[in-house]
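K.L.:
One structure, as structure tokens, below. Some questions next.
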Amino acid sequence: MAQPIRVLIVDDSALVRQMLSEMLSADPQIDVIGSASDPLFARAMIKDLNPDVLTLDVEMPRMDGLNFLEKIMTLRPMPVVMVSSLTQRGADAALRAMELGAVEIVAKPTIGLKESFPILQAELIAKVKAAAGARVRARDKGGNTASQKLASAHYQTTERVVCIGASTGGVEALADVLRMLPGASPAIAITQHMPANFTAKFAARLDGICAIRIAEAKGGERMLPGHAYLAPGNQHLKIDRSGANYVCRLAGNELVSGHCPSVDVLFHSAAENIGVNAVGVILTGMGRDGAAGLKAIRDAGGATLGQNEASSVVYGMPRVAFEMGAVERQIPLSGVAQAILDACAAKGQQAVRI
């Protein structure tokens with residue numbers, strides 16, 4: 001039997017520490033080895049206890065959680081799950097934490113903790129387990145992202161639509177891919193597993209660093225070249241046809257493949273409504289969401305790409321998709337943007353004209 005995942009909890013609230021400990025300890029594969037009320041206590045406990053995963057609050061006394069995270073990821077990289085409040089400030093801080101190297105976000109309610117936290121137990125356990133298997137690397141103080149934009153390929157962008165799905169590790173992966181794409185890129189639809197209240201902020205942060213325009217999908221908007229549309233954190237995103245145009249549709253909030261939004265929902269809609277002109281891309285993430293949908297895109301004649309194991313934070317979703325034959329090409333994260341443009345150019349040579 002595998003050794004339990006050793007977890008250290010860091011939060012300034014005694015109630016939250018107790019509740020997180022109780023929720024995680026309920027799983028026999030997780031061992032909560034301690035808790036700390038602030039980063040200074042946590043620093044000593046990390047040295048003494050050597051945890052596998054750290055859960056970390058954002059706002060704490062004596063040292064801000066983000067400053068502590070940055071020190072951890074520079075000096076002693078380890079998997080970190082941020083537990084952040086559902087506020088505007090909390091969302092900004094949590095996304096910054098992901099940029100610094102945190103693996104996952106768990107949204108902490110600002111009121112009704114006792115009533116709300118049990119609902120989050122399954123999510124918390126799943127994300128801690130995902131973090132335990134993540135590939136975590138030391139952060140480059142100068143940043144590890146490329147600023148170079150790729151040259152536009154020669155294709156008619158109105159024909160092609162790119163669909164991208166990601167989960168654990170996807171915040172940084174998406175940023176790395178999207179900032180490499182030129183402003184003349186095809187329309188892009190994105191589903192990233194992320195709590196509600198965070199996706200609008202995430203889209204805005206991406207929009208600020210990319211040549212393409214990026215926004216949270218509202219539903220009903222025509223998909224345009226040079227634009228990307230991100231699924232809201234509590235609704236599925238589909239692509240539909242309206243005459244000769246492709247449009248975004250928001251389609252309910254039931255769990256599909258264990259998630260809302262679901263990558264499978266996006267990919268299946270692309271297979272049905274875009275077919276040969278779809279380019280499906282599955283990036284890092286835990287589980288299997290998106291694998292069946294990507295296979296549907298490939299079966300419909302679309303191009304399909306998967307992130308390779310070595311560059312994935314969690315090689316779950318891409319692995320399942322590859323093993324079921326859904327992936328035409330496996331490529332490192334650094335090559336995904338160029339592969340998207342190449343696939344769009346190749347599809348342009350055989351695209352069905354509407």
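Note on naming: chains are A, B, ... as they come in the structure tokens, residues start from 1 per chain, ligands start from 1 in the order shown.
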Name all residues at most 10 Å from A:Gln29 (count only C-alpha atoms; drop same-chain ones fewer than 5 positions away) and give them as an NGL selection string.
P.N.:
:A and (1-6 or 24 or 125 or 129)
K.L.:
Got time to write the residues from that selection, all heavy atoms, as a PDB file, in the first residue's frame?
P.N.:
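Written file, out_29.pdb:
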```
ATOM      1  N   MET A   1       0.844  -1.200   0.000  1.00  0.00           N
ATOM      2  CA  MET A   1       0.000   0.000   0.000  1.00  0.00           C
ATOM      3  C   MET A   1       0.878   1.247   0.000  1.00  0.00           C
ATOM      4  O   MET A   1       1.869   1.330   0.729  1.00  0.00           O
ATOM      5  CB  MET A   1      -0.926   0.000   1.219  1.00  0.00           C
ATOM      6  CG  MET A   1      -1.857   1.206   1.288  1.00  0.00           C
ATOM      7  SD  MET A   1      -2.962   1.093   2.706  1.00  0.00           S
ATOM      8  CE  MET A   1      -3.827   2.658   2.573  1.00  0.00           C
ATOM      9  N   ALA A   2       0.520   2.224  -0.826  1.00  0.00           N
ATOM     10  CA  ALA A   2       1.294   3.456  -0.920  1.00  0.00           C
ATOM     11  C   ALA A   2       1.222   4.228   0.393  1.00  0.00           C
ATOM     12  O   ALA A   2       0.237   4.170   1.117  1.00  0.00           O
ATOM     13  CB  ALA A   2       0.774   4.309  -2.070  1.00  0.00           C
ATOM     14  N   GLN A   3       2.294   4.975   0.673  1.00  0.00           N
ATOM     15  CA  GLN A   3       2.324   5.798   1.865  1.00  0.00           C
ATOM     16  C   GLN A   3       1.306   6.932   1.753  1.00  0.00           C
ATOM     17  O   GLN A   3       1.095   7.487   0.675  1.00  0.00           O
ATOM     18  CB  GLN A   3       3.727   6.384   2.058  1.00  0.00           C
ATOM     19  CG  GLN A   3       4.792   5.347   2.395  1.00  0.00           C
ATOM     20  CD  GLN A   3       4.542   4.708   3.749  1.00  0.00           C
ATOM     21  OE1 GLN A   3       4.231   5.388   4.732  1.00  0.00           O
ATOM     22  NE2 GLN A   3       4.662   3.392   3.807  1.00  0.00           N
ATOM     23  N   PRO A   4       0.651   7.305   2.846  1.00  0.00           N
ATOM     24  CA  PRO A   4      -0.304   8.416   2.797  1.00  0.00           C
ATOM     25  C   PRO A   4       0.387   9.723   2.392  1.00  0.00           C
ATOM     26  O   PRO A   4       1.582   9.914   2.620  1.00  0.00           O
ATOM     27  CB  PRO A   4      -0.833   8.495   4.245  1.00  0.00           C
ATOM     28  CG  PRO A   4      -0.541   7.173   4.848  1.00  0.00           C
ATOM     29  CD  PRO A   4       0.711   6.686   4.184  1.00  0.00           C
ATOM     30  N   ILE A   5      -0.393  10.616   1.817  1.00  0.00           N
ATOM     31  CA  ILE A   5       0.094  11.949   1.449  1.00  0.00           C
ATOM     32  C   ILE A   5       0.179  12.789   2.717  1.00  0.00           C
ATOM     33  O   ILE A   5      -0.813  12.974   3.421  1.00  0.00           O
ATOM     34  CB  ILE A   5      -0.857  12.604   0.434  1.00  0.00           C
ATOM     35  CG1 ILE A   5      -0.959  11.754  -0.832  1.00  0.00           C
ATOM     36  CG2 ILE A   5      -0.397  14.022   0.093  1.00  0.00           C
ATOM     37  CD1 ILE A   5      -2.121  12.141  -1.725  1.00  0.00           C
ATOM     38  N   ARG A   6       1.354  13.294   3.005  1.00  0.00           N
ATOM     39  CA  ARG A   6       1.585  14.075   4.228  1.00  0.00           C
ATOM     40  C   ARG A   6       1.292  15.552   3.958  1.00  0.00           C
ATOM     41  O   ARG A   6       1.947  16.176   3.121  1.00  0.00           O
ATOM     42  CB  ARG A   6       3.028  13.871   4.691  1.00  0.00           C
ATOM     43  CG  ARG A   6       3.316  12.458   5.145  1.00  0.00           C
ATOM     44  CD  ARG A   6       4.811  12.123   5.140  1.00  0.00           C
ATOM     45  NE  ARG A   6       5.600  13.110   5.841  1.00  0.00           N
ATOM     46  CZ  ARG A   6       5.761  13.170   7.156  1.00  0.00           C
ATOM     47  NH1 ARG A   6       5.179  12.267   7.924  1.00  0.00           N
ATOM     48  NH2 ARG A   6       6.514  14.111   7.713  1.00  0.00           N
ATOM     49  N   LEU A  24      -9.659  16.493   5.454  1.00  0.00           N
ATOM     50  CA  LEU A  24      -8.583  15.734   4.804  1.00  0.00           C
ATOM     51  C   LEU A  24      -8.307  14.426   5.520  1.00  0.00           C
ATOM     52  O   LEU A  24      -8.049  13.400   4.881  1.00  0.00           O
ATOM     53  CB  LEU A  24      -7.319  16.590   4.748  1.00  0.00           C
ATOM     54  CG  LEU A  24      -7.370  17.791   3.803  1.00  0.00           C
ATOM     55  CD1 LEU A  24      -6.137  18.671   3.984  1.00  0.00           C
ATOM     56  CD2 LEU A  24      -7.475  17.329   2.348  1.00  0.00           C
ATOM     57  N   ILE A 125     -10.070  17.189  -1.158  1.00  0.00           N
ATOM     58  CA  ILE A 125      -9.321  15.923  -1.178  1.00  0.00           C
ATOM     59  C   ILE A 125      -8.764  15.655  -2.568  1.00  0.00           C
ATOM     60  O   ILE A 125      -7.597  15.276  -2.724  1.00  0.00           O
ATOM     61  CB  ILE A 125     -10.221  14.773  -0.703  1.00  0.00           C
ATOM     62  CG1 ILE A 125     -10.489  14.897   0.804  1.00  0.00           C
ATOM     63  CG2 ILE A 125      -9.595  13.417  -1.027  1.00  0.00           C
ATOM     64  CD1 ILE A 125     -11.506  13.911   1.331  1.00  0.00           C
ATOM     65  N   LYS A 129      -4.721  15.476  -3.589  1.00  0.00           N
ATOM     66  CA  LYS A 129      -4.161  14.296  -4.246  1.00  0.00           C
ATOM     67  C   LYS A 129      -3.520  14.654  -5.581  1.00  0.00           C
ATOM     68  O   LYS A 129      -2.454  14.142  -5.937  1.00  0.00           O
ATOM     69  CB  LYS A 129      -5.252  13.238  -4.448  1.00  0.00           C
ATOM     70  CG  LYS A 129      -5.708  12.579  -3.156  1.00  0.00           C
ATOM     71  CD  LYS A 129      -6.766  11.516  -3.423  1.00  0.00           C
ATOM     72  CE  LYS A 129      -7.146  10.799  -2.133  1.00  0.00           C
ATOM     73  NZ  LYS A 129      -8.195   9.766  -2.386  1.00  0.00           N
TER      74      LYS A 129
END
```
K.L.:
Tell me which protein, DNA and RNA residues are within 10 Å of A:Thr199, counting only C-alpha atoms, leaving out same-chain ones fewer than 6 positions away, and put them as an MDAnalysis selection string.
P.N.:
chainID A and resid 91 95 191:193 205 215:217 230:234
K.L.:
Save out the residues we just selected, C-alpha atoms, as a PDB file, in the first residue's frame.
P.N.:
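The new file again-v1.pdb reads:
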```pdb
ATOM      1  CA  ALA A  91      -9.470  35.953  -6.574  1.00  0.00           C
ATOM      2  CA  LEU A  95      -4.436  33.792  -9.506  1.00  0.00           C
ATOM      3  CA  THR A 191     -12.415  25.333 -20.573  1.00  0.00           C
ATOM      4  CA  GLN A 192     -10.189  25.473 -17.485  1.00  0.00           C
ATOM      5  CA  HIS A 193     -11.326  23.773 -14.297  1.00  0.00           C
ATOM      6  CA  ARG A 205      -5.155  38.694 -16.541  1.00  0.00           C
ATOM      7  CA  ALA A 215     -12.722  37.353 -22.059  1.00  0.00           C
ATOM      8  CA  GLU A 216     -15.039  35.174 -20.038  1.00  0.00           C
ATOM      9  CA  ALA A 217     -17.740  33.804 -22.341  1.00  0.00           C
ATOM     10  CA  LEU A 230     -13.128  31.261 -21.426  1.00  0.00           C
ATOM     11  CA  ALA A 231     -15.856  29.119 -19.858  1.00  0.00           C
ATOM     12  CA  PRO A 232     -17.270  30.664 -16.658  1.00  0.00           C
ATOM     13  CA  GLY A 233     -16.380  28.770 -13.507  1.00  0.00           C
ATOM     14  CA  ASN A 234     -19.908  27.480 -12.978  1.00  0.00           C
TER      15      ASN A 234
END
```
K.L.:
Using only C-alpha atoms, can you tell me which of A:Ala244, A:Ala200, A:Ala326, A:Ala97 comes closest to A:Phe267?
P.N.:
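Smallest distance to A:Phe267 is found for A:Ala326.
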K.L.:
If we count only C-alpha atoms, what is near stretch 306-320 of chain A at a cut-off of 7 Å, once residues fewer than 4 positions away on the same chain are taken out, given as number ranges by chain?
P.N.:
A: 133-136, 168-169, 281-291, 324, 327, 329-333
K.L.:
Quick one: pick out all strand (DSSP E) residues within stretch 265-349 of chain A from a backbone DSSP run and write them as an MDAnalysis selection string.
P.N.:
chainID A and resid 278:282 303:307 329:331
K.L.:
Extract, using only C-alpha atoms, all DNA, RNA and protein residues at most 9 Å from A:Pro225, discarding same-chain residues fewer than 6 positions from it, and format them as a ChimeraX atom specification.
P.N.:
/A:157-158,160-161,183-188,212
